[in-house]
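Shown next, in structure tokens, is the structure this report addresses.
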Amino acid sequence: MPAHVVIAGCALAGLLLAGPAWAADPAGEGLFVANCSACHQRNGQGIPQAFPALAGDKLVQDDPKRIVAVLLNGRGGMPAFKTQLIDEQIAAVASYVRGAWGNHADPVPAGLVAAARTEAAAPVADRGLQAH
Amino acid sequence: MAEALPKPVPRLLSSPSRRQFLYRLGAIGGVGAVMAGLEAFGMSVASAQTAPPALTGSGAGKRVVIIGAGVGGMTAAYELSKLGYQCQIIEARSFAGGRCQTARAGFSLTELGGEAQHCTFDDGQYINHGPWRIPFNHQSTLHYTKEFGVPLEVMVNDNDASYVLFEGGSGPLAGQPVRKAQVAADMRGHTAELLAKAVRGNRLDVPLSAEDQEVFVSYLVREGYLSSRDLSYSGADGRGYDLWPGALTEPGPGRLSTPFPMADVLHSKAWRTLRSVAGFSQQRTMFQPVGGMDRIAAGFAAKVGHMIQYGTVVERIDQDDHGVDVAWVHAAGQRGTTKANYCVCTIPLSVLRHIEAALPDATKQAMSAVAYQPVGKIGLQMKRRFWEEDHFIFGGHVYTDNEDIGSLSLPSWDWQGAKGTVLGYYQFDAAAIKVSAMTPAERAEFATAFGQKVFPQYRENVEKSFSVAWHRVQYNMGGWAEWDEEGRRTAYPVLCQPAGRIYLAGEHLSYLTGWQAGAIESAWLQIAKLHHQASA
Ligand SMILES: Cc1cc2nc3c(=O)[nH]c(=O)nc-3n(C[C@H](O)[C@H](O)[C@H](O)COP(=O)(O)OP(=O)(O)OC[C@H]3O[C@@H](n4cnc5c(N)ncnc54)[C@H](O)[C@@H]3O)c2cc1C
């Protein structure tokens, strides 16, 4: 399913050229705005009792495996992105979050995402033309 | 757990033609094939769920607190109170139904992090922004529509006359609205022609006798509307006319439309809308309640409404060997605790995760193994039904490869009425997240811009809109539970087990996630277990 192509095809192209510079990485920021800001808000402050703040968040700046696991598999109201974003995009958005709004943690290499996937980039379940 | 349940009667089996079919299947493949055949119809005795469990005994003198007045919670309350249990439902919202809701004038919704939306549709206009259809094989949902006398009407879930708009392909059809019947007729006709000619010309290595090959060709001729003379496809009346047939000599016989070349259809990718049959949950006959899906909620509420404590948010669930304590806060600020012998908790797992509950660690752990589906819908009230009046499309869906739209749907109610409300988009996953970051006004504009590509009359007719992004809706935090294989294997069975005196129920505890039938049937199975435990 070409969702990731539609959502961030150009962002990805940017990423490959830009290299792993965190905080100012425009690809990561674009991915965050499209895929995360509806819930965690543009400023990473979240919504109390609903969407956790990512600014200053412990998990976000902890061992990168943790944020990658949350992004791949989701958890409750946090959607799973494993079928929506490819490894480079997950690494880019995680790196952005780890360096934005005063967060200070190293960027996440795409290889770490690949290693964390329990299964190969699973295709989106074939939902057919209509679902639910 | 299964022994406490009655064996549902596989009703459809009584049809003689199906029985004959199964007998024949048995003759060829033995009992295993018969069972597999039954499974294919979804009718194995073990999986059929057509009526509530026939429970005997009494629950008199025992109290059950039910959390959530969605379809799942109200099912539990209704059936348990029939057995004599004293039930109380605690519901955060000010109305019954949970996700089973319909937006019409007076309905309001403020998404988490969003601006308040107040629906101002005209009288009689509505959008089912949550559940909207009931497949014929959801006998559990249909059990209650019948029991509560909720009138149904057919929902047009497939419409040959509707448009397909695929923008991602190439060639002359890309980006053009094309009637679905034309795509279907041409793709199948061209395919049948290729195949029939190959079989006739012995160019396929098929495991069919010469005799069977001829039967196969006959099938292809019928399926593809081929000429039996030269096996060519040159159109079919089902793909429509350039001039409709009529009276006298002009228009007289009319003028048939001309097929698109196979390459054009292939390159357009519009063939992606075609499949041999619709998936099991999308087949005809599809129903909807007359007047809006919330008529089902109203049907339940007429029976159990007096048990519901509205506007009351559960904050904490405790239990010990004797009972359950549910602590809540009312919208007015007042706090309290409801005590009961048992608890049926239907709070979505995305929400329950954040409530302090006396559940075993394994249960809490299991709750984090499922993520909820982001999903968005928008209703657009139209000044007139131009899709009917100008395009002769009555209900059904416009298909597109634009994932940010998903699909656009035309109402299956109030045919030929003055106005109508269109579903402007229905998207999932990253597309739903992206669109949900827009304001309601931006979403309406986004939906309008797409609709305009399909119908030139779209924009000038959009009057009012109402949108929802379920992943931003308080007390739901997602459209429905989206289990992956790993979660189904490890976490799901844990959650299905009663945790002391607490029974979890809701669509998330079913293989019918995202369907009301899942909520109802999980409640049926859990109350059977509860009654078993309470009667021990
Ligand atoms: C967009 C969309 C389309 C759908 N399409 C269809 C369809 O076509 N056909 C179909 O059959 N189904 C469809 N469904 C699925 C269907 O709506 C659900 O499966 C079903 O309504 C779920 O019922 P439930 O009782 O499990 O949960 P809910 O209806 O969510 O009930 C849970 C209740 O718990 C309450 N609650 C939550 N937290 C608390 C708290 N802390 N304290 C007290 N109360 C609380 C909530 O307010 C809610 O009323 C669709 C759903 C969506 C979102």
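Ordered as shown in the structure tokens, chains take letters A, B, and onward, while each chain numbers its residues from 1 and ligands are numbered from 1 in the order shown.
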Taking only C-alpha atoms and all ligand atoms into account, list the residues no farther than 7 Å from ligand 1, as a CSV table (one decimal) with all heavy atoms, in the first residue's frame.
```csv
chain,number,residue,atom,x,y,z
A,132,HIS,N,-15.5,-2.0,7.4
A,132,HIS,CA,-16.3,-1.6,8.6
A,132,HIS,C,-17.4,-0.6,8.2
A,132,HIS,O,-17.5,-0.2,7.1
A,132,HIS,CB,-15.4,-0.9,9.6
A,132,HIS,CG,-14.3,-1.8,10.1
A,132,HIS,ND1,-14.5,-2.8,11.0
A,132,HIS,CD2,-13.1,-2.0,9.6
A,132,HIS,CE1,-13.4,-3.5,11.2
A,132,HIS,NE2,-12.5,-3.0,10.3
B,67,ILE,N,-19.6,-1.1,33.0
B,67,ILE,CA,-19.0,0.1,32.7
B,67,ILE,C,-19.1,0.3,31.2
B,67,ILE,O,-18.5,-0.5,30.4
B,67,ILE,CB,-17.5,0.2,33.2
B,67,ILE,CG1,-17.4,-0.2,34.6
B,67,ILE,CG2,-17.0,1.6,33.0
B,67,ILE,CD1,-16.0,-0.2,35.2
B,68,GLY,N,-19.7,1.4,30.8
B,68,GLY,CA,-19.9,1.7,29.4
B,68,GLY,C,-21.3,1.4,28.9
B,68,GLY,O,-21.7,0.2,29.0
B,69,ALA,N,-22.0,2.4,28.3
B,69,ALA,CA,-23.3,2.2,27.8
B,69,ALA,C,-23.2,2.1,26.3
B,69,ALA,O,-24.1,2.7,25.5
B,69,ALA,CB,-24.3,3.2,28.2
B,70,GLY,N,-22.2,1.5,25.7
B,70,GLY,CA,-22.2,1.2,24.3
B,70,GLY,C,-23.0,0.0,24.0
B,70,GLY,O,-23.7,-0.5,24.9
B,71,VAL,N,-23.0,-0.5,22.8
B,71,VAL,CA,-23.8,-1.6,22.4
B,71,VAL,C,-23.4,-2.8,23.3
B,71,VAL,O,-24.2,-3.6,23.7
B,71,VAL,CB,-23.6,-1.9,20.9
B,71,VAL,CG1,-24.1,-3.2,20.5
B,71,VAL,CG2,-24.3,-0.8,20.1
B,72,GLY,N,-22.1,-3.0,23.6
B,72,GLY,CA,-21.6,-4.1,24.3
B,72,GLY,C,-22.2,-4.1,25.8
B,72,GLY,O,-22.7,-5.1,26.3
B,73,GLY,N,-22.0,-2.9,26.4
B,73,GLY,CA,-22.5,-2.8,27.8
B,73,GLY,C,-24.0,-2.9,27.9
B,73,GLY,O,-24.5,-3.6,28.8
B,90,ILE,N,-22.6,2.4,34.2
B,90,ILE,CA,-21.9,3.7,34.4
B,90,ILE,C,-21.3,4.2,33.1
B,90,ILE,O,-20.6,3.5,32.5
B,90,ILE,CB,-20.8,3.6,35.5
B,90,ILE,CG1,-21.5,3.1,36.8
B,90,ILE,CG2,-20.1,5.0,35.7
B,90,ILE,CD1,-20.5,3.0,37.9
B,91,GLU,N,-21.8,5.4,32.7
B,91,GLU,CA,-21.4,5.9,31.3
B,91,GLU,C,-20.8,7.3,31.4
B,91,GLU,O,-21.5,8.2,31.9
B,91,GLU,CB,-22.6,5.8,30.4
B,91,GLU,CG,-22.5,6.5,29.1
B,91,GLU,CD,-21.3,6.1,28.2
B,91,GLU,OE1,-21.1,4.8,28.0
B,91,GLU,OE2,-20.5,6.9,27.8
B,92,ALA,N,-19.7,7.5,30.8
B,92,ALA,CA,-19.0,8.8,30.8
B,92,ALA,C,-19.8,9.8,30.0
B,92,ALA,O,-19.9,11.0,30.4
B,92,ALA,CB,-17.6,8.6,30.2
B,93,ARG,N,-20.4,9.4,28.9
B,93,ARG,CA,-21.0,10.4,28.0
B,93,ARG,C,-22.4,10.7,28.5
B,93,ARG,O,-22.9,10.0,29.4
B,93,ARG,CB,-21.1,9.8,26.6
B,93,ARG,CG,-19.8,9.7,25.8
B,93,ARG,CD,-20.0,9.1,24.5
B,93,ARG,NE,-18.9,9.3,23.6
B,93,ARG,CZ,-18.1,8.3,23.2
B,93,ARG,NH1,-18.2,7.1,23.6
B,93,ARG,NH2,-17.1,8.6,22.3
B,96,ALA,N,-26.6,7.3,25.5
B,96,ALA,CA,-26.3,5.9,25.4
B,96,ALA,C,-25.9,5.6,23.9
B,96,ALA,O,-26.3,6.3,23.0
B,96,ALA,CB,-27.6,5.1,25.7
B,97,GLY,N,-25.1,4.5,23.8
B,97,GLY,CA,-24.7,4.1,22.5
B,97,GLY,C,-23.2,4.0,22.2
B,97,GLY,O,-22.8,3.2,21.4
B,98,GLY,N,-22.4,4.8,23.0
B,98,GLY,CA,-21.0,4.7,22.7
B,98,GLY,C,-20.7,5.1,21.3
B,98,GLY,O,-21.2,6.2,20.8
B,99,ARG,N,-20.0,4.3,20.6
B,99,ARG,CA,-19.6,4.6,19.2
B,99,ARG,C,-20.9,4.6,18.3
B,99,ARG,O,-20.8,5.1,17.2
B,99,ARG,CB,-18.6,3.6,18.7
B,99,ARG,CG,-17.2,4.0,18.9
B,99,ARG,CD,-16.2,2.9,18.7
B,99,ARG,NE,-16.1,2.1,19.9
B,99,ARG,CZ,-15.3,1.0,20.1
B,99,ARG,NH1,-14.5,0.7,19.1
B,99,ARG,NH2,-15.2,0.4,21.3
B,100,CYS,N,-21.9,3.9,18.7
B,100,CYS,CA,-23.1,3.8,17.9
B,100,CYS,C,-23.8,5.2,18.0
B,100,CYS,O,-24.7,5.4,18.9
B,100,CYS,CB,-24.0,2.7,18.4
B,100,CYS,SG,-25.6,2.6,17.6
B,129,HIS,N,-21.6,8.9,11.5
B,129,HIS,CA,-20.1,9.1,11.4
B,129,HIS,C,-19.4,8.0,12.2
B,129,HIS,O,-18.2,8.0,12.2
B,129,HIS,CB,-19.8,10.5,12.1
B,129,HIS,CG,-20.3,10.6,13.5
B,129,HIS,ND1,-21.6,10.8,13.8
B,129,HIS,CD2,-19.6,10.6,14.6
B,129,HIS,CE1,-21.7,10.9,15.1
B,129,HIS,NE2,-20.5,10.8,15.6
B,130,GLY,N,-20.1,7.1,12.8
B,130,GLY,CA,-19.5,5.9,13.4
B,130,GLY,C,-20.0,4.7,12.5
B,130,GLY,O,-19.9,4.7,11.3
B,131,PRO,N,-20.6,3.7,13.2
B,131,PRO,CA,-21.1,2.5,12.4
B,131,PRO,C,-22.2,3.0,11.5
B,131,PRO,O,-23.0,3.9,11.8
B,131,PRO,CB,-21.6,1.6,13.5
B,131,PRO,CG,-21.8,2.4,14.7
B,131,PRO,CD,-20.8,3.5,14.6
B,132,TRP,N,-22.2,2.3,10.3
B,132,TRP,CA,-23.2,2.7,9.3
B,132,TRP,C,-23.8,1.6,8.5
B,132,TRP,O,-24.8,1.8,7.8
B,132,TRP,CB,-22.6,3.7,8.3
B,132,TRP,CG,-21.3,3.3,7.6
B,132,TRP,CD1,-20.3,2.5,8.2
B,132,TRP,CD2,-20.9,3.6,6.3
B,132,TRP,NE1,-19.3,2.4,7.2
B,132,TRP,CE2,-19.6,3.0,6.1
B,132,TRP,CE3,-21.5,4.4,5.3
B,132,TRP,CZ2,-18.9,3.2,4.9
B,132,TRP,CZ3,-20.8,4.5,4.1
B,132,TRP,CH2,-19.5,3.9,3.9
B,133,ARG,N,-23.3,0.4,8.7
B,133,ARG,CA,-23.9,-0.7,7.9
B,133,ARG,C,-24.0,-2.0,8.7
B,133,ARG,O,-23.2,-2.2,9.6
B,133,ARG,CB,-23.2,-0.9,6.6
B,133,ARG,CG,-21.7,-1.1,6.7
B,133,ARG,CD,-21.1,-1.0,5.3
B,133,ARG,NE,-19.7,-0.7,5.4
B,133,ARG,CZ,-18.9,-0.2,4.5
B,133,ARG,NH1,-19.4,0.0,3.3
B,133,ARG,NH2,-17.7,0.1,4.7
B,134,ILE,N,-24.9,-2.9,8.4
B,134,ILE,CA,-25.1,-4.1,9.1
B,134,ILE,C,-25.2,-5.2,8.0
B,134,ILE,O,-26.1,-5.3,7.3
B,134,ILE,CB,-26.4,-4.2,9.9
B,134,ILE,CG1,-26.5,-2.9,10.8
B,134,ILE,CG2,-26.4,-5.5,10.7
B,134,ILE,CD1,-27.8,-2.8,11.5
B,312,THR,N,-20.8,10.1,33.9
B,312,THR,CA,-20.1,9.6,35.1
B,312,THR,C,-18.9,8.8,34.6
B,312,THR,O,-19.0,7.8,33.9
B,312,THR,CB,-21.0,8.7,35.9
B,312,THR,OG1,-22.2,9.4,36.2
B,312,THR,CG2,-20.4,8.3,37.2
B,313,VAL,N,-17.7,9.4,34.9
B,313,VAL,CA,-16.5,8.8,34.4
B,313,VAL,C,-15.8,7.9,35.5
B,313,VAL,O,-15.6,8.4,36.6
B,313,VAL,CB,-15.5,9.9,34.0
B,313,VAL,CG1,-14.2,9.4,33.5
B,313,VAL,CG2,-16.1,10.9,33.0
B,314,VAL,N,-15.6,6.7,35.1
B,314,VAL,CA,-15.0,5.7,36.0
B,314,VAL,C,-13.5,6.1,36.1
B,314,VAL,O,-12.8,6.3,35.1
B,314,VAL,CB,-15.2,4.3,35.6
B,314,VAL,CG1,-14.3,3.3,36.4
B,314,VAL,CG2,-16.6,3.9,35.7
B,315,GLU,N,-13.0,6.2,37.4
B,315,GLU,CA,-11.6,6.6,37.6
B,315,GLU,C,-10.8,5.4,38.2
B,315,GLU,O,-9.6,5.4,38.1
B,315,GLU,CB,-11.5,7.7,38.6
B,315,GLU,CG,-12.1,9.0,38.1
B,315,GLU,CD,-11.9,10.2,39.1
B,315,GLU,OE1,-12.2,10.0,40.3
B,315,GLU,OE2,-11.4,11.2,38.6
B,346,THR,N,-16.6,-2.5,29.6
B,346,THR,CA,-16.5,-2.4,28.1
B,346,THR,C,-15.8,-1.2,27.7
B,346,THR,O,-15.9,-0.8,26.5
B,346,THR,CB,-18.0,-2.4,27.5
B,346,THR,OG1,-18.6,-1.1,27.9
B,346,THR,CG2,-18.8,-3.5,28.0
B,347,ILE,N,-15.0,-0.6,28.6
B,347,ILE,CA,-14.2,0.6,28.2
B,347,ILE,C,-13.2,0.1,27.1
B,347,ILE,O,-12.5,-0.9,27.3
B,347,ILE,CB,-13.5,1.1,29.4
B,347,ILE,CG1,-14.5,1.6,30.4
B,347,ILE,CG2,-12.5,2.3,29.0
B,347,ILE,CD1,-13.8,2.2,31.7
B,348,PRO,N,-13.0,0.9,26.0
B,348,PRO,CA,-12.0,0.5,25.0
B,348,PRO,C,-10.6,0.4,25.7
B,348,PRO,O,-10.3,1.2,26.6
B,348,PRO,CB,-12.1,1.6,24.0
B,348,PRO,CG,-13.4,2.2,24.2
B,348,PRO,CD,-13.8,2.0,25.6
B,351,VAL,N,-8.5,3.3,26.3
B,351,VAL,CA,-8.8,4.2,27.4
B,351,VAL,C,-8.6,3.5,28.8
B,351,VAL,O,-8.1,4.1,29.7
B,351,VAL,CB,-10.3,4.6,27.3
B,351,VAL,CG1,-10.8,5.5,28.5
B,351,VAL,CG2,-10.6,5.3,25.9
B,352,LEU,N,-9.0,2.3,28.8
B,352,LEU,CA,-8.8,1.5,30.1
B,352,LEU,C,-7.4,1.4,30.6
B,352,LEU,O,-7.1,1.4,31.8
B,352,LEU,CB,-9.4,0.1,29.8
B,352,LEU,CG,-9.4,-0.9,31.1
B,352,LEU,CD1,-10.3,-0.3,32.2
B,352,LEU,CD2,-10.0,-2.2,30.7
B,375,VAL,N,-9.2,6.6,12.3
B,375,VAL,CA,-10.2,6.6,11.2
B,375,VAL,C,-11.0,7.9,11.2
B,375,VAL,O,-11.3,8.5,12.3
B,375,VAL,CB,-11.2,5.4,11.3
B,375,VAL,CG1,-11.6,5.2,12.8
B,375,VAL,CG2,-12.4,5.5,10.4
B,376,GLY,N,-11.3,8.4,10.0
B,376,GLY,CA,-12.0,9.7,9.9
B,376,GLY,C,-13.2,9.6,8.9
B,376,GLY,O,-13.1,8.9,8.0
B,377,LYS,N,-14.2,10.4,9.2
B,377,LYS,CA,-15.3,10.5,8.3
B,377,LYS,C,-15.8,12.0,8.3
B,377,LYS,O,-15.6,12.7,9.3
B,377,LYS,CB,-16.5,9.7,8.9
B,377,LYS,CG,-16.5,8.2,8.5
B,377,LYS,CD,-17.8,7.6,8.9
B,377,LYS,CE,-17.9,6.1,8.5
B,377,LYS,NZ,-19.2,5.5,8.9
B,470,TRP,N,-11.9,9.6,14.9
B,470,TRP,CA,-12.1,8.8,16.0
B,470,TRP,C,-10.9,8.6,17.0
B,470,TRP,O,-11.1,8.4,18.2
B,470,TRP,CB,-12.7,7.4,15.6
B,470,TRP,CG,-14.1,7.5,15.3
B,470,TRP,CD1,-14.7,7.7,14.1
B,470,TRP,CD2,-15.2,7.5,16.2
B,470,TRP,NE1,-16.1,7.8,14.2
B,470,TRP,CE2,-16.4,7.7,15.5
B,470,TRP,CE3,-15.3,7.4,17.6
B,470,TRP,CZ2,-17.7,7.7,16.1
B,470,TRP,CZ3,-16.6,7.4,18.2
B,470,TRP,CH2,-17.7,7.5,17.5
B,475,TYR,N,-12.9,9.1,25.3
B,475,TYR,CA,-13.6,7.8,25.7
B,475,TYR,C,-13.6,6.8,24.6
B,475,TYR,O,-14.1,5.7,24.8
B,475,TYR,CB,-15.1,8.0,26.2
B,475,TYR,CG,-15.2,9.1,27.2
B,475,TYR,CD1,-16.0,10.2,27.0
B,475,TYR,CD2,-14.4,9.1,28.4
B,475,TYR,CE1,-16.1,11.3,27.9
B,475,TYR,CE2,-14.5,10.1,29.3
B,475,TYR,CZ,-15.3,11.2,29.1
B,475,TYR,OH,-15.4,12.2,30.0
B,476,ASN,N,-12.9,7.0,23.5
B,476,ASN,CA,-12.7,6.0,22.5
B,476,ASN,C,-11.2,5.9,22.1
B,476,ASN,O,-10.7,4.8,22.1
B,476,ASN,CB,-13.6,6.2,21.3
B,476,ASN,CG,-15.0,5.6,21.5
B,476,ASN,OD1,-15.9,6.4,21.7
B,476,ASN,ND2,-15.0,4.3,21.7
B,479,GLY,N,-10.8,4.1,16.4
B,479,GLY,CA,-12.0,3.6,15.8
B,479,GLY,C,-12.3,2.2,16.4
B,479,GLY,O,-13.5,2.0,16.7
B,480,TRP,N,-11.3,1.4,16.4
B,480,TRP,CA,-11.5,0.0,16.9
B,480,TRP,C,-10.2,-0.6,17.1
B,480,TRP,O,-9.1,-0.1,16.6
B,480,TRP,CB,-12.4,-0.8,16.0
B,480,TRP,CG,-11.9,-0.8,14.5
B,480,TRP,CD1,-10.9,-1.5,14.0
B,480,TRP,CD2,-12.4,0.0,13.5
B,480,TRP,NE1,-10.7,-1.2,12.7
B,480,TRP,CE2,-11.7,-0.3,12.3
B,480,TRP,CE3,-13.5,1.0,13.4
B,480,TRP,CZ2,-11.9,0.4,11.1
B,480,TRP,CZ3,-13.7,1.6,12.2
B,480,TRP,CH2,-12.9,1.3,11.1
B,505,ALA,N,-15.3,-6.8,28.1
B,505,ALA,CA,-16.1,-7.1,26.9
B,505,ALA,C,-16.1,-5.9,26.0
B,505,ALA,O,-15.6,-4.8,26.3
B,505,ALA,CB,-17.6,-7.4,27.3
B,506,GLY,N,-16.6,-6.0,24.7
B,506,GLY,CA,-16.5,-5.0,23.8
B,506,GLY,C,-16.0,-5.5,22.5
B,506,GLY,O,-15.4,-6.6,22.4
B,507,GLU,N,-16.1,-4.7,21.4
B,507,GLU,CA,-15.7,-5.2,20.1
B,507,GLU,C,-14.2,-5.7,20.1
B,507,GLU,O,-13.9,-6.6,19.3
B,507,GLU,CB,-15.8,-4.1,19.0
B,507,GLU,CG,-15.1,-2.7,19.3
B,507,GLU,CD,-13.7,-2.7,18.8
B,507,GLU,OE1,-13.3,-3.5,18.0
B,507,GLU,OE2,-12.9,-1.9,19.4
B,508,HIS,N,-13.4,-5.1,21.0
B,508,HIS,CA,-12.0,-5.5,21.0
B,508,HIS,C,-11.8,-6.9,21.4
B,508,HIS,O,-10.7,-7.5,21.1
B,508,HIS,CB,-11.2,-4.6,21.9
B,508,HIS,CG,-11.8,-4.3,23.2
B,508,HIS,ND1,-12.8,-3.4,23.4
B,508,HIS,CD2,-11.6,-4.9,24.5
B,508,HIS,CE1,-13.2,-3.4,24.7
B,508,HIS,NE2,-12.5,-4.3,25.3
B,513,THR,N,-13.7,-7.2,15.2
B,513,THR,CA,-13.4,-5.9,15.7
B,513,THR,C,-13.9,-4.8,14.7
B,513,THR,O,-13.9,-5.1,13.5
B,513,THR,CB,-11.9,-5.7,15.9
B,513,THR,OG1,-11.3,-6.2,14.7
B,513,THR,CG2,-11.4,-6.5,17.0
B,514,GLY,N,-14.3,-3.7,15.3
B,514,GLY,CA,-14.9,-2.7,14.4
B,514,GLY,C,-16.3,-3.0,13.9
B,514,GLY,O,-16.7,-2.4,12.9
B,515,TRP,N,-16.9,-3.9,14.5
B,515,TRP,CA,-18.3,-4.1,14.2
B,515,TRP,C,-19.1,-4.2,15.5
B,515,TRP,O,-18.7,-4.7,16.5
B,515,TRP,CB,-18.5,-5.5,13.5
B,515,TRP,CG,-17.9,-5.5,12.1
B,515,TRP,CD1,-16.6,-6.0,11.8
B,515,TRP,CD2,-18.4,-4.9,10.9
B,515,TRP,NE1,-16.4,-5.8,10.4
B,515,TRP,CE2,-17.5,-5.1,9.9
B,515,TRP,CE3,-19.6,-4.3,10.6
B,515,TRP,CZ2,-17.7,-4.7,8.5
B,515,TRP,CZ3,-19.8,-3.9,9.3
B,515,TRP,CH2,-18.9,-4.1,8.3
B,516,GLN,N,-20.4,-3.8,15.4
B,516,GLN,CA,-21.2,-3.9,16.6
B,516,GLN,C,-21.4,-5.3,17.0
B,516,GLN,O,-21.6,-5.6,18.2
B,516,GLN,CB,-22.6,-3.2,16.3
B,516,GLN,CG,-22.5,-1.7,16.1
B,516,GLN,CD,-23.7,-1.1,15.6
B,516,GLN,OE1,-24.4,-0.4,16.3
B,516,GLN,NE2,-24.1,-1.3,14.3
B,517,ALA,N,-21.5,-6.2,16.0
B,517,ALA,CA,-21.6,-7.6,16.3
B,517,ALA,C,-20.5,-8.1,17.2
B,517,ALA,O,-20.8,-9.0,18.1
B,517,ALA,CB,-21.6,-8.4,15.0
B,518,GLY,N,-19.3,-7.6,17.1
B,518,GLY,CA,-18.2,-8.0,18.0
B,518,GLY,C,-18.5,-7.6,19.4
B,518,GLY,O,-18.2,-8.4,20.3
B,519,ALA,N,-19.1,-6.4,19.6
B,519,ALA,CA,-19.4,-5.9,20.9
B,519,ALA,C,-20.5,-6.8,21.5
B,519,ALA,O,-20.4,-7.2,22.7
B,519,ALA,CB,-19.8,-4.5,20.9
```
Margin query: At a cut-off of 8 Å, using only C-alpha atoms, what residues contact B:Leu80? Leave out same-chain residues fewer than 5 positions from it and give the result as a ChimeraX atom specification.
Written below: /B:59,85-87,527
Any chance you could export the current selection's N, CA, C and O atoms as a tab-separated table (two decimals), in the first residue's frame?
```tsv
chain	number	residue	atom	x	y	z
B	59	GLY	N	-30.17	-14.81	38.68
B	59	GLY	CA	-29.14	-13.93	39.23
B	59	GLY	C	-29.72	-13.05	40.32
B	59	GLY	O	-29.08	-12.08	40.72
B	85	TYR	N	-30.45	-10.41	37.52
B	85	TYR	CA	-29.34	-9.64	38.09
B	85	TYR	C	-29.77	-8.18	38.22
B	85	TYR	O	-30.50	-7.66	37.36
B	86	GLN	N	-29.28	-7.55	39.25
B	86	GLN	CA	-29.53	-6.12	39.40
B	86	GLN	C	-28.36	-5.38	38.74
B	86	GLN	O	-27.23	-5.47	39.21
B	87	CYS	N	-28.64	-4.70	37.65
B	87	CYS	CA	-27.56	-4.11	36.85
B	87	CYS	C	-27.54	-2.59	36.96
B	87	CYS	O	-28.60	-1.95	36.98
B	527	ILE	N	-21.07	-12.79	29.59
B	527	ILE	CA	-22.10	-12.91	30.63
B	527	ILE	C	-22.43	-14.38	30.89
B	527	ILE	O	-22.82	-14.75	31.99
```
Please report as CSV every residue of chain A lying within 8 Å of chain B, along with the nearest atom pair and their distance in Å (one decimal), using only C-alpha atoms.
```
residue,atom,partner,partner_atom,distance
A:Ala3,CA,B:Glu403,CA,7.0
A:Ile7,CA,B:Ala431,CA,7.6
A:Ala34,CA,B:Lys434,CA,5.0
A:Asn35,CA,B:Lys434,CA,5.9
A:Cys36,CA,B:Ile433,CA,7.4
A:Ser37,CA,B:Ala437,CA,6.7
A:Ala38,CA,B:Ala437,CA,4.3
A:Cys39,CA,B:Arg472,CA,7.0
A:Gln41,CA,B:Gly113,CA,7.9
A:Ile47,CA,B:Gly113,CA,6.5
A:Ala50,CA,B:Leu112,CA,7.5
A:Asn73,CA,B:Ala371,CA,7.2
A:Gly74,CA,B:Ala371,CA,5.1
A:Arg75,CA,B:Ala371,CA,4.6
A:Gly76,CA,B:Ser350,CA,3.8
A:Gly77,CA,B:Ser350,CA,4.9
A:Met78,CA,B:Ala371,CA,6.3
A:Pro79,CA,B:Ala371,CA,5.4
A:Ala80,CA,B:Ala371,CA,6.2
A:Phe81,CA,B:Ala430,CA,7.9
A:Gln84,CA,B:Ala430,CA,6.5
A:Gly128,CA,B:Gly279,CA,6.9
A:Leu129,CA,B:Thr273,CA,6.6
A:Gln130,CA,B:Gln282,CA,7.0
A:Ala131,CA,B:Gln282,CA,7.4
A:His132,CA,B:Gly514,CA,6.1
```
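Using only C-alpha atoms, the nearest neighbour of B:Val183 within the list B:Tyr78, B:Phe107, B:Phe260, B:Trp244 is B:Phe260.
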Next item on the list: Would you list the contacts of stretch 323-334 of chain B as a PyMOL selection string, taking every protein, DNA or RNA residue within 8 Å and counting only C-alpha atoms, but skipping same-chain residues closer than 5 positions in sequence?
Entry: chain B and resi 65+311-318+339-343+501-502
Once you have the residues from the selection above, write them out as a compact mmCIF listing (two decimals), in the first residue's frame, restricted to C-alpha atoms.
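File part_34.txt, as written:
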```txt
# COMPACT_ATOMS: atom_id res chain seq x y z
CA VAL B 65 -21.89 -3.00 37.58
CA GLY B 311 -22.03 11.75 32.59
CA THR B 312 -20.11 9.59 35.05
CA VAL B 313 -16.47 8.81 34.41
CA VAL B 314 -14.97 5.74 36.04
CA GLU B 315 -11.61 6.58 37.62
CA ARG B 316 -10.70 3.43 39.49
CA ILE B 317 -11.78 -0.21 39.68
CA ASP B 318 -11.02 -2.28 42.78
CA LYS B 339 -20.35 -1.63 44.78
CA ALA B 340 -21.34 -4.84 43.08
CA ASN B 341 -20.66 -8.56 43.07
CA TYR B 342 -19.34 -8.51 39.51
CA CYS B 343 -18.22 -6.05 36.88
CA ARG B 501 -14.77 -10.64 39.27
CA ILE B 502 -14.09 -8.37 36.33
```
Check: Between B:Val398, B:Leu195, B:Ala247, B:Ala418, which has the minimum distance to B:Val454 (counting only C-alpha atoms)?
Finding: B:Val398
Note to self: At a cut-off of 12 Å, using only C-alpha atoms, what residues contact A:Asp63? Leave out same-chain residues fewer than 2 positions from it and give the result as a list in words.
What the structure shows: Lys58, Leu59, Val60, Gln61, Lys65, Arg66, Ile67, Val68, Ala69, Ala94, Arg98, Ala105, Asp106, Pro107, Val108 and Leu112 of chain A
Next item on the list: Within stretch 121-327 of chain B, find each residue whose DSSP state, derived from the backbone, is alpha helix (DSSP H), and express the selection as an NGL selection string.
Entry: :B and (139-147 or 180-200 or 210-224 or 262-268 or 294-304)
